[in-house]
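With compact mmCIF, C-alpha atoms inside, this is protein-v7.txt:
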```txt
# COMPACT_ATOMS: atom_id res chain seq x y z
CA MET A 1 102.93 125.51 72.96
CA ARG A 2 102.86 128.31 75.52
CA GLY A 3 101.98 127.68 79.16
CA THR A 4 99.10 129.24 81.06
CA THR A 5 99.64 128.17 84.69
CA PRO A 6 101.60 130.36 87.12
CA ARG A 7 104.30 128.66 89.17
CA ARG A 8 105.42 130.07 92.51
CA MET A 9 109.18 130.49 92.55
CA GLN A 10 111.26 128.70 95.18
CA GLY A 11 113.46 130.16 97.89
CA MET A 12 114.23 133.87 97.95
CA ALA A 13 112.83 134.20 94.42
CA ASP A 14 109.38 133.82 96.01
CA PRO A 15 108.36 137.34 97.11
CA VAL A 16 106.21 135.96 99.95
CA LEU A 17 109.07 133.97 101.46
CA ALA A 18 111.63 136.72 100.78
CA SER A 19 109.46 139.23 102.60
CA MET A 20 109.09 136.94 105.62
CA VAL A 21 112.83 136.23 105.72
CA HIS A 22 113.65 139.93 105.55
CA ASP A 23 111.12 140.69 108.29
CA LEU A 24 113.19 138.38 110.50
CA GLY A 25 116.30 140.44 109.67
CA MET A 26 117.79 137.55 107.71
CA GLU A 27 119.25 137.25 104.22
CA GLU A 28 118.65 133.58 103.46
CA VAL A 29 115.97 131.00 104.11
CA PRO A 30 116.76 129.42 107.49
CA HIS A 31 115.66 125.94 106.47
CA TYR A 32 117.83 125.87 103.37
CA ALA A 33 120.82 127.23 105.28
CA SER A 34 120.59 124.37 107.77
CA ARG A 35 120.38 121.48 105.30
CA THR A 36 122.58 118.46 105.92
CA GLY A 37 125.50 117.62 103.62
CA THR A 38 123.52 114.65 102.34
CA VAL A 39 120.64 116.87 101.27
CA VAL A 40 122.98 119.36 99.61
CA GLY A 41 124.58 116.46 97.72
CA TYR A 42 121.20 115.41 96.34
CA THR A 43 120.34 118.96 95.25
CA GLN A 44 123.66 119.16 93.41
CA ARG A 45 122.72 116.02 91.50
CA TRP A 46 119.65 117.57 89.95
CA VAL A 47 121.53 120.79 89.20
CA GLU A 48 124.15 118.68 87.40
CA ASN A 49 121.46 116.71 85.54
CA ALA A 50 119.94 119.95 84.23
CA LYS A 51 122.87 120.37 81.84
CA PHE A 52 121.81 117.19 80.04
CA ARG A 53 118.03 117.68 79.88
CA ASP A 54 118.29 118.15 76.09
CA GLY A 55 120.84 117.07 73.49
CA PRO A 56 121.38 115.95 69.92
CA VAL A 57 118.62 113.88 68.32
CA ASN A 58 119.71 110.78 66.40
CA PRO A 59 119.16 111.51 62.67
CA GLN A 60 118.47 107.78 62.09
CA ARG A 61 114.88 107.86 63.36
CA VAL A 62 113.18 104.62 64.42
CA GLU A 63 109.80 104.82 62.69
CA VAL A 64 106.85 104.05 64.96
CA THR A 65 104.71 101.50 63.14
CA ASP A 66 103.05 100.17 66.31
CA ARG A 67 102.25 102.93 68.79
CA SER A 68 101.13 100.54 71.47
CA ALA A 69 104.38 98.56 71.26
CA MET A 70 106.42 101.77 71.45
CA THR A 71 104.36 102.91 74.45
CA ALA A 72 105.02 99.62 76.21
CA ARG A 73 108.72 99.92 75.40
CA ILE A 74 108.95 103.46 76.85
CA LYS A 75 107.04 102.50 79.99
CA ALA A 76 109.26 99.45 80.49
CA LYS A 77 112.34 101.64 80.08
CA ALA A 78 111.05 104.11 82.66
CA ARG A 79 110.42 101.28 85.11
CA GLU A 80 113.90 99.89 84.43
CA LEU A 81 115.26 103.33 85.31
CA GLY A 82 113.44 103.25 88.66
CA ALA A 83 109.90 104.54 88.11
CA ASP A 84 107.17 103.06 90.28
CA LEU A 85 104.38 104.57 88.16
CA VAL A 86 104.52 105.63 84.51
CA GLY A 87 101.81 107.37 82.51
CA ILE A 88 101.50 109.35 79.29
CA CYS A 89 99.21 112.15 78.14
CA ARG A 90 99.04 114.90 75.55
CA LEU A 91 100.73 118.09 76.71
CA THR A 92 98.33 121.01 77.17
CA PRO A 93 98.96 124.69 77.98
CA THR A 94 97.58 124.26 81.53
CA MET A 95 100.42 121.82 82.27
CA ILE A 96 103.10 124.37 81.34
CA ASP A 97 104.43 127.31 83.37
CA LEU A 98 102.86 130.63 82.46
CA GLY A 99 104.55 132.14 79.41
CA LYS A 100 107.02 129.26 78.90
CA GLU A 101 107.25 127.43 75.57
CA VAL A 102 107.48 123.65 75.26
CA PRO A 103 107.47 122.46 71.64
CA HIS A 104 106.31 118.90 72.23
CA GLU A 105 103.08 116.93 71.87
CA PHE A 106 103.32 114.38 74.68
CA VAL A 107 104.47 114.22 78.28
CA ILE A 108 105.66 111.05 79.96
CA ALA A 109 105.11 111.15 83.71
CA ALA A 110 107.13 108.98 86.05
CA CYS A 111 107.11 108.89 89.78
CA VAL A 112 109.44 107.34 92.30
CA THR A 113 108.04 106.49 95.71
CA GLU A 114 109.57 107.41 99.04
CA ASP A 115 110.29 105.09 101.93
CA TYR A 116 107.39 105.99 104.23
CA HIS A 117 109.04 104.28 107.20
CA LYS A 118 111.35 107.33 107.49
CA VAL A 119 108.51 109.12 109.31
CA LEU A 120 109.49 107.15 112.40
CA GLU A 121 113.08 108.45 112.22
CA GLY A 122 112.26 112.16 112.35
CA ALA A 123 112.20 115.22 110.13
CA ASP A 124 115.81 115.05 108.91
CA ALA A 125 115.34 111.45 107.73
CA VAL A 126 112.10 112.41 105.94
CA GLU A 127 113.83 115.33 104.21
CA GLU A 128 116.84 113.26 103.15
CA GLU A 129 114.49 110.63 101.70
CA ALA A 130 112.51 113.28 99.81
CA MET A 131 115.68 114.76 98.32
CA ARG A 132 117.07 111.30 97.49
CA VAL A 133 113.91 110.60 95.52
CA TYR A 134 113.95 114.01 93.80
CA ALA A 135 117.52 113.22 92.68
CA ALA A 136 116.44 109.77 91.47
CA CYS A 137 113.66 111.42 89.45
CA ALA A 138 116.20 113.80 87.90
CA ASP A 139 118.43 110.85 86.94
CA LEU A 140 115.46 108.91 85.56
CA SER A 141 113.98 111.69 83.45
CA THR A 142 117.39 112.73 82.10
CA GLU A 143 118.19 109.17 81.03
CA LEU A 144 114.72 108.56 79.58
CA ALA A 145 114.93 111.77 77.51
CA ALA A 146 118.35 110.68 76.18
CA TYR A 147 116.91 107.24 75.33
CA ILE A 148 114.10 108.85 73.29
CA ARG A 149 116.49 111.22 71.49
CA ASP A 150 118.52 108.15 70.58
CA LEU A 151 115.36 106.76 68.91
CA GLY A 152 115.36 109.88 66.74
CA TYR A 153 112.76 112.09 68.50
CA PRO A 154 113.23 115.33 70.42
CA ALA A 155 112.82 115.00 74.19
CA TRP A 156 113.41 117.21 77.24
CA ALA A 157 113.73 116.08 80.82
CA HIS A 158 111.77 118.00 83.47
CA HIS A 159 112.76 117.68 87.14
CA ASN A 160 113.75 119.82 90.12
CA GLY A 161 116.83 121.13 88.31
CA VAL A 162 115.04 122.34 85.18
CA ARG A 163 111.37 122.29 84.28
CA GLU A 164 108.62 124.06 82.48
CA VAL A 165 106.00 121.39 83.12
CA GLN A 166 103.96 121.11 86.33
CA ALA A 167 103.57 117.68 87.89
CA ILE A 168 100.09 117.87 89.41
CA PRO A 169 98.04 118.53 86.25
CA VAL A 170 100.11 115.95 84.37
CA PHE A 171 99.84 113.33 87.12
CA TYR A 172 96.07 113.86 87.23
CA GLN A 173 95.73 113.53 83.46
CA VAL A 174 97.74 110.30 83.27
CA GLY A 175 95.61 108.74 86.00
CA PHE A 176 98.05 108.60 88.90
CA GLY A 177 95.43 109.96 91.24
CA GLU A 178 93.43 112.93 92.47
CA LEU A 179 94.36 116.16 94.19
CA GLY A 180 94.04 115.96 97.97
CA ARG A 181 93.22 118.60 100.54
CA HIS A 182 96.92 118.93 101.45
CA GLY A 183 97.68 120.12 97.91
CA SER A 184 99.47 116.99 96.69
CA LEU A 185 98.19 114.34 94.35
CA ILE A 186 97.00 111.15 96.09
CA ASN A 187 97.43 107.69 94.61
CA GLU A 188 95.31 104.92 96.11
CA LYS A 189 98.36 102.72 96.74
CA TYR A 190 101.17 105.17 97.51
CA GLY A 191 99.28 108.05 99.12
CA ALA A 192 101.21 111.20 98.21
CA ASP A 193 104.61 109.79 99.06
CA PHE A 194 106.18 110.08 95.63
CA ARG A 195 108.07 112.67 93.59
CA PRO A 196 107.95 113.55 89.91
CA GLY A 197 110.19 113.19 86.90
CA MET A 198 108.81 113.98 83.45
CA VAL A 199 109.85 113.95 79.80
CA THR A 200 108.21 115.92 77.01
CA THR A 201 108.61 114.57 73.50
CA ASP A 202 107.17 114.21 70.00
CA LEU A 203 107.61 110.44 70.00
CA PRO A 204 104.15 109.09 69.02
CA LEU A 205 102.63 107.32 72.04
CA ASP A 206 99.31 106.05 73.35
CA VAL A 207 97.84 108.14 76.15
CA ASP A 208 96.38 107.24 79.53
CA GLU A 209 93.23 108.70 81.07
CA PRO A 210 92.44 110.36 84.41
CA ARG A 211 91.14 108.07 87.15
CA GLU A 212 88.93 109.17 90.00
CA PHE A 213 88.46 106.88 92.97
CA GLY A 214 86.87 109.10 95.59
CA VAL A 215 89.85 111.05 96.97
CA GLN A 216 88.21 114.47 96.83
CA ASP A 217 85.01 113.19 98.45
CA PHE A 218 87.13 111.54 101.15
CA CYS A 219 89.10 114.75 101.75
CA MET A 220 85.87 116.73 102.20
CA ASN A 221 85.16 114.75 105.37
CA CYS A 222 88.59 113.66 106.61
CA ASN A 223 90.47 116.85 107.56
CA VAL A 224 93.31 114.96 109.29
CA CYS A 225 95.97 116.91 107.35
CA MET A 226 94.23 120.17 108.22
CA GLN A 227 94.09 119.29 111.89
CA ASN A 228 97.72 118.10 112.02
CA CYS A 229 99.17 121.15 110.27
CA PRO A 230 101.19 123.04 112.89
CA GLY A 231 100.63 126.31 111.05
CA ASP A 232 96.90 125.87 110.41
CA ALA A 233 97.75 126.51 106.75
CA ILE A 234 95.35 124.05 105.09
CA PRO A 235 91.97 125.64 104.40
CA GLU A 236 88.48 124.39 105.10
CA ASP A 237 87.20 125.81 101.81
CA TYR A 238 88.18 124.79 98.32
CA VAL A 239 88.28 126.64 95.04
CA VAL A 240 87.67 125.17 91.58
CA THR A 241 90.22 125.24 88.77
CA ASP A 242 89.24 123.78 85.42
CA GLY A 243 86.45 121.85 87.15
CA ILE A 244 88.70 120.29 89.82
CA LYS A 245 88.58 121.11 93.54
CA ARG A 246 91.75 122.64 94.97
CA TRP A 247 92.49 123.53 98.57
CA LEU A 248 95.09 126.30 98.31
CA ILE A 249 97.63 126.22 101.12
CA ASP A 250 98.14 129.54 102.90
CA LEU A 251 101.88 130.05 102.51
CA GLU A 252 101.99 132.83 105.07
CA LYS A 253 100.98 130.18 107.63
CA CYS A 254 102.94 127.28 106.09
CA TYR A 255 106.34 128.96 105.71
CA PRO A 256 106.99 129.60 109.43
CA TYR A 257 107.08 125.79 109.82
CA SER A 258 108.35 124.63 106.43
CA ARG A 259 110.93 127.33 105.60
CA LEU A 260 111.64 129.59 108.57
CA ARG A 261 112.87 126.93 110.96
CA ASP A 262 115.58 124.30 110.63
CA GLU A 263 113.27 121.28 110.74
CA TYR A 264 111.69 119.90 107.57
CA CYS A 265 107.89 119.80 107.55
CA HIS A 266 106.06 117.18 105.48
CA LEU A 267 103.40 116.41 108.07
CA CYS A 268 100.35 117.08 105.89
CA VAL A 269 101.39 114.26 103.56
CA ASP A 270 102.76 111.97 106.28
CA VAL A 271 99.50 111.94 108.29
CA CYS A 272 97.27 111.35 105.24
CA PRO A 273 95.16 108.21 105.81
CA TYR A 274 95.88 107.10 102.24
CA ASN A 275 99.25 105.96 103.64
CA VAL A 276 97.54 103.24 105.61
CA ARG A 277 97.00 100.90 102.67
CA SER A 278 100.70 100.36 101.94
CA HIS A 279 102.13 101.07 105.40
CA ARG A 280 99.53 100.08 107.98
CA THR A 281 101.86 99.33 110.91
CA THR A 282 104.15 102.31 110.35
CA PHE A 283 101.19 104.65 109.85
CA LYS A 284 99.54 103.50 113.07
CA THR A 285 102.79 103.87 115.03
CA PHE A 286 103.36 107.35 113.61
CA MET A 287 99.81 108.47 114.29
CA LYS A 288 99.97 107.13 117.86
CA GLU A 289 102.85 109.54 118.42
CA ARG A 290 100.89 112.36 116.79
CA LYS A 291 98.01 111.62 119.15
CA ARG A 292 100.33 111.58 122.16
CA ILE A 293 101.43 115.14 121.39
CA GLY A 294 97.87 116.31 120.95
CA TYR A 295 96.93 116.07 117.29
CA LYS A 296 93.83 114.47 115.79
CA THR A 297 94.30 110.97 114.39
CA PRO A 298 91.96 108.89 112.24
CA LYS A 299 90.36 105.66 113.41
CA TYR A 300 92.14 102.91 111.44
CA MET B 1 99.68 140.16 104.02
CA ASP B 2 96.85 141.00 101.65
CA LYS B 3 95.53 137.80 100.07
CA PHE B 4 93.55 137.43 96.89
CA TYR B 5 92.15 134.57 94.89
CA LEU B 6 92.56 135.35 91.20
CA GLN B 7 89.53 134.16 89.25
CA GLU B 8 89.44 133.71 85.50
CA ARG B 9 85.96 134.33 84.08
CA ARG B 10 85.76 132.71 80.66
CA PRO B 11 83.58 133.73 77.71
CA ASP B 12 81.46 130.56 78.16
CA GLY B 13 80.64 131.60 81.74
CA GLU B 14 82.99 129.13 83.47
CA VAL B 15 84.86 130.53 86.47
CA SER B 16 88.26 128.99 87.20
CA THR B 17 90.54 129.99 90.09
CA VAL B 18 94.07 130.72 88.89
CA GLY B 19 95.64 130.79 92.34
CA LEU B 20 96.11 132.50 95.69
CA PHE B 21 98.27 135.62 95.67
CA TYR B 22 99.71 137.61 98.54
CA SER B 23 99.63 141.15 97.20
CA ARG B 24 97.68 143.01 94.56
CA GLU B 25 100.97 143.68 92.75
CA GLU B 26 101.83 139.96 92.56
CA ALA B 27 98.39 139.14 91.17
CA GLU B 28 98.46 142.01 88.67
CA GLU B 29 101.76 140.73 87.24
CA VAL B 30 100.14 137.36 86.56
CA ILE B 31 97.06 139.00 85.05
CA ALA B 32 99.29 140.99 82.68
CA GLU B 33 101.01 137.79 81.51
CA LEU B 34 97.70 135.98 81.06
CA ARG B 35 96.28 138.82 79.00
CA GLU B 36 99.17 138.44 76.55
CA LEU B 37 98.13 134.87 75.70
CA PRO B 38 96.00 134.44 72.56
CA ASP B 39 94.06 131.60 74.25
CA LYS B 40 92.99 133.93 77.04
CA GLN B 41 91.54 136.72 74.92
CA GLY B 42 87.99 137.21 76.08
CA CYS B 43 88.69 136.14 79.66
CA GLU B 44 88.15 138.55 82.53
CA TYR B 45 90.25 138.51 85.67
CA VAL B 46 88.85 139.31 89.08
CA LEU B 47 90.54 139.44 92.49
CA VAL B 48 88.48 138.04 95.35
CA ARG B 49 89.43 138.16 99.02
CA PRO B 50 89.35 134.73 100.71
CA PRO B 51 86.95 134.26 103.62
CA GLU B 52 88.44 135.22 107.00
```
Written as structure tokens, how would this file's structure read?
Amino acid sequence: MRGTTPRRMQGMADPVLASMVHDLGMEEVPHYASRTGTVVGYTQRWVENAKFRDGPVNPQRVEVTDRSAMTARIKAKARELGADLVGICRLTPTMIDLGKEVPHEFVIAACVTEDYHKVLEGADAVEEEAMRVYAACADLSTELAAYIRDLGYPAWAHHNGVREVQAIPVFYQVGFGELGRHGSLINEKYGADFRPGMVTTDLPLDVDEPREFGVQDFCMNCNVCMQNCPGDAIPEDYVVTDGIKRWLIDLEKCYPYSRLRDEYCHLCVDVCPYNVRSHRTTFKTFMKERKRIGYKTPKY
Amino acid sequence: MDKFYLQERRPDGEVSTVGLFYSREEAEEVIAELRELPDKQGCEYVLVRPPE
């Protein structure tokens, strides 16, 4: 199956970012050059995992006579490996990077949640937590793919180190949540504080369904992320892709804060009121500080 | 930078936004790739400037 959805490249492979870096007379992205040793260690983990995203398939196939039992087994395995949410859907071309081929029928989506309390420790702590979770997702998806190949079915891991599948359309389809104004998928319990690991496979599985619980309607009136974005990069207006509202972040305004300075920026997600359900005290403390320095805060 | 929304206009009349691009050249490269896909035959691609 060939993909139909463009993916913006990361780092200097992104022509927008490369142009901005060169305009500053620099050769590398300032934020990446200033990463801590801990963060670099995490990035090396997913690079290392990429070598094992595929491998030999056990010729002694376990026949699936009860799809629902196999689905439960795979979800339990993903949770054992550290997933906080697990869902499954059929793979479609819109979930795959433009022009890339993925020869599988299903995608298993897993997410690992971040420790939201890091917002009180500053940008470096938030970045280290994000990268720790990305590395955990790489470990999880690599091990889950190997587990499925051992059952006798082809399986590829998809994570930060190697991927052809895009998390947001998959996470929507498996019912993890809805796309928020800040451009990340929002779950009613975890907000957008989670990262993706995925496995594509031909193992026969039952599929989950999308769930809508009012996120996009809420985002239409909330605007807290938009008003807390230091670069004013989150738009008022939305576009529609395949029937779903999307607010497309203006990277020319985002990058000066998220890539062209040393400090990590994750504010749009950190200020989202959907964090209040799981982290009421921390969210209120964090937002009090945001208010003190002049940003809009919600009444919760 | 020049900015363009790339819209896909499908044979059934549906309009779907592919993404936001930061130069005509960048958007044209994506259009060329989309036009190679059998599933996209019959779609038209239009660049639209975002509101100021």
Tell me, counting all atoms listed in the file, for each residue of chain A within 8 Å of chain B, which pair of atoms is nearest and how far apart they are in Å to one decimal, in rows ordered by chain and increasing number, as CSV.
```
residue,atom,partner,partner_atom,distance
A:Thr4,CA,B:Leu34,CA,6.9
A:Thr5,CA,B:Val18,CA,7.4
A:Pro6,CA,B:Val30,CA,7.2
A:Val16,CA,B:Tyr22,CA,6.9
A:Leu98,CA,B:Glu33,CA,7.5
A:Gly99,CA,B:Glu33,CA,7.0
A:Val239,CA,B:Thr17,CA,6.4
A:Val240,CA,B:Thr17,CA,5.8
A:Thr241,CA,B:Ser16,CA,4.5
A:Asp242,CA,B:Ser16,CA,5.6
A:Gly243,CA,B:Ser16,CA,7.4
A:Leu248,CA,B:Leu20,CA,6.8
A:Glu252,CA,B:Met1,CA,7.8
```
For the selection you just gave me, I'd like the residues written to a file as a PDB file, in the coordinates of the input, keeping C-alpha atoms.
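Wrote out29.pdb, looks like this:
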```
ATOM      1  CA  THR A   4      99.100 129.240  81.060  1.00  0.00           C
ATOM      2  CA  THR A   5      99.640 128.170  84.690  1.00  0.00           C
ATOM      3  CA  PRO A   6     101.600 130.360  87.120  1.00  0.00           C
ATOM      4  CA  VAL A  16     106.210 135.960  99.950  1.00  0.00           C
ATOM      5  CA  LEU A  98     102.860 130.630  82.460  1.00  0.00           C
ATOM      6  CA  GLY A  99     104.550 132.140  79.410  1.00  0.00           C
ATOM      7  CA  VAL A 239      88.280 126.640  95.040  1.00  0.00           C
ATOM      8  CA  VAL A 240      87.670 125.170  91.580  1.00  0.00           C
ATOM      9  CA  THR A 241      90.220 125.240  88.770  1.00  0.00           C
ATOM     10  CA  ASP A 242      89.240 123.780  85.420  1.00  0.00           C
ATOM     11  CA  GLY A 243      86.450 121.850  87.150  1.00  0.00           C
ATOM     12  CA  LEU A 248      95.090 126.300  98.310  1.00  0.00           C
ATOM     13  CA  GLU A 252     101.990 132.830 105.070  1.00  0.00           C
TER      14      GLU A 252
END
```
Counting only C-alpha atoms, which residues come within 9 Å of (115.0, 119.3, 90.7), with the point read in the file's coordinates, and could you list them as an mmCIF file with C-alpha atoms, in the coordinates of the input?
```
data_model
loop_
_atom_site.group_PDB
_atom_site.id
_atom_site.type_symbol
_atom_site.label_atom_id
_atom_site.label_comp_id
_atom_site.auth_asym_id
_atom_site.auth_seq_id
_atom_site.Cartn_x
_atom_site.Cartn_y
_atom_site.Cartn_z
ATOM 1 C CA THR A 43 120.340 118.960 95.250
ATOM 2 C CA ARG A 45 122.720 116.020 91.500
ATOM 3 C CA TRP A 46 119.650 117.570 89.950
ATOM 4 C CA VAL A 47 121.530 120.790 89.200
ATOM 5 C CA ASN A 49 121.460 116.710 85.540
ATOM 6 C CA ALA A 50 119.940 119.950 84.230
ATOM 7 C CA MET A 131 115.680 114.760 98.320
ATOM 8 C CA TYR A 134 113.950 114.010 93.800
ATOM 9 C CA ALA A 135 117.520 113.220 92.680
ATOM 10 C CA CYS A 137 113.660 111.420 89.450
ATOM 11 C CA ALA A 138 116.200 113.800 87.900
ATOM 12 C CA HIS A 158 111.770 118.000 83.470
ATOM 13 C CA HIS A 159 112.760 117.680 87.140
ATOM 14 C CA ASN A 160 113.750 119.820 90.120
ATOM 15 C CA GLY A 161 116.830 121.130 88.310
ATOM 16 C CA VAL A 162 115.040 122.340 85.180
ATOM 17 C CA ARG A 163 111.370 122.290 84.280
ATOM 18 C CA GLY A 197 110.190 113.190 86.900
#
```
Centre, x/y/z edge lengths, axis-aligned box for region 54-58 of chain A with 5 Å per side, as JSON:
```
{"center_x": 119.8, "center_y": 114.5, "center_z": 71.2, "size_x": 13.1, "size_y": 17.4, "size_z": 19.7}
```
Subject >> Local residues around (106.6, 99.6, 70.9), at most 12 Å away, using all atoms listed in the file, as a PyMOL selection string >> reply: chain A and resi 62-77+151+203-206
Dump as a PDB file, in the frame of the given file, selection limited to C-alpha atoms:
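Okay, this is what ended up in out_36.pdb:
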```
ATOM      1  CA  VAL A  62     113.180 104.620  64.420  1.00  0.00           C
ATOM      2  CA  GLU A  63     109.800 104.820  62.690  1.00  0.00           C
ATOM      3  CA  VAL A  64     106.850 104.050  64.960  1.00  0.00           C
ATOM      4  CA  THR A  65     104.710 101.500  63.140  1.00  0.00           C
ATOM      5  CA  ASP A  66     103.050 100.170  66.310  1.00  0.00           C
ATOM      6  CA  ARG A  67     102.250 102.930  68.790  1.00  0.00           C
ATOM      7  CA  SER A  68     101.130 100.540  71.470  1.00  0.00           C
ATOM      8  CA  ALA A  69     104.380  98.560  71.260  1.00  0.00           C
ATOM      9  CA  MET A  70     106.420 101.770  71.450  1.00  0.00           C
ATOM     10  CA  THR A  71     104.360 102.910  74.450  1.00  0.00           C
ATOM     11  CA  ALA A  72     105.020  99.620  76.210  1.00  0.00           C
ATOM     12  CA  ARG A  73     108.720  99.920  75.400  1.00  0.00           C
ATOM     13  CA  ILE A  74     108.950 103.460  76.850  1.00  0.00           C
ATOM     14  CA  LYS A  75     107.040 102.500  79.990  1.00  0.00           C
ATOM     15  CA  ALA A  76     109.260  99.450  80.490  1.00  0.00           C
ATOM     16  CA  LYS A  77     112.340 101.640  80.080  1.00  0.00           C
ATOM     17  CA  LEU A 151     115.360 106.760  68.910  1.00  0.00           C
ATOM     18  CA  LEU A 203     107.610 110.440  70.000  1.00  0.00           C
ATOM     19  CA  PRO A 204     104.150 109.090  69.020  1.00  0.00           C
ATOM     20  CA  LEU A 205     102.630 107.320  72.040  1.00  0.00           C
ATOM     21  CA  ASP A 206      99.310 106.050  73.350  1.00  0.00           C
TER      22      ASP A 206
END
```
Residues of region 243-287 of chain A that approach region 212-221 of chain A to 10 Å or less, counting only C-alpha atoms: could you list each one with the shortest pair of atoms and its distance in Å to one decimal, rows by chain and increasing residue number, as a tab-separated table?
```
residue	atom	partner	partner_atom	distance
A:Ile244	CA	A:Gln216	CA	9.1
A:Lys245	CA	A:Gln216	CA	7.4
A:Arg246	CA	A:Gln216	CA	9.1
A:Trp247	CA	A:Cys219	CA	9.9
A:Cys272	CA	A:Cys219	CA	9.5
A:Pro273	CA	A:Cys219	CA	9.8
A:Tyr274	CA	A:Val215	CA	8.9
```
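One finds CA of Ala110 (chain A) at 12.7 Å from CA of Asp208 (chain A).
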Subject >> Spatial neighbours of Thr201 (chain A), max dist 9 Å, all atoms listed in the file, sep filter under 6 positions, as a PyMOL selection string >> reply: chain A and resi 103-108+145+148-149+153-156
**OP:** State, in Å with one decimal place, the distance from CA of Gly177 (chain A) to CA of Glu101 (chain A).
**Re:**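 Value for the CA of Gly177 (chain A)-CA of Glu101 (chain A) distance: 26.3 Å.
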Original post:
Counting all atoms listed in the file, what is within 10 Å of Thr36 (chain A), bar same-chain residues fewer than 6 positions away, as number ranges by chain?
Top reply: A: 124, 127-128
Subject >> Atomic separation - CA of Leu6 (chain B) relative to CA of Leu47 (chain B), Å >> reply: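 Computing it gives 4.7 Å between the two atoms.
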Subject >> Residue among A:Val86, A:Ala125, A:Ala192, A:Leu81 lying closest to Thr113 (chain A), counting only C-alpha atoms >> reply: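 Checking each of A:Val86, A:Ala125, A:Ala192, A:Leu81 against Thr113 (chain A), counting only C-alpha atoms, the winner is A:Ala192.
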Subject >> Long-range neighbours of Ala157 (chain A) as a PyMOL selection string, 7 Å cut-off, all atoms listed in the file, 4 positions minimum in chain >> reply: chain A and resi 53-54+141-142+145+198-200
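Among the candidate residues A:Arg61, A:Pro210, A:Gly294, A:Glu114, the one lying nearest to Phe194 (chain A) is A:Glu114, with distances computed using all atoms listed in the file.
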Subject >> 8 Å contact set for Leu85 (chain A), all atoms listed in the file, chain neighbours under 2 positions out, as a ChimeraX atom specification >> reply: /A:79,83,87,109-112,176
Original post:
Which is closest to Ile186 (chain A) among A:Ile96, A:Arg35, A:Val269, A:Asn228, if we use only C-alpha atoms?
Top reply: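 Looking at the shortest contact to Ile186 (chain A), the residue is A:Val269.
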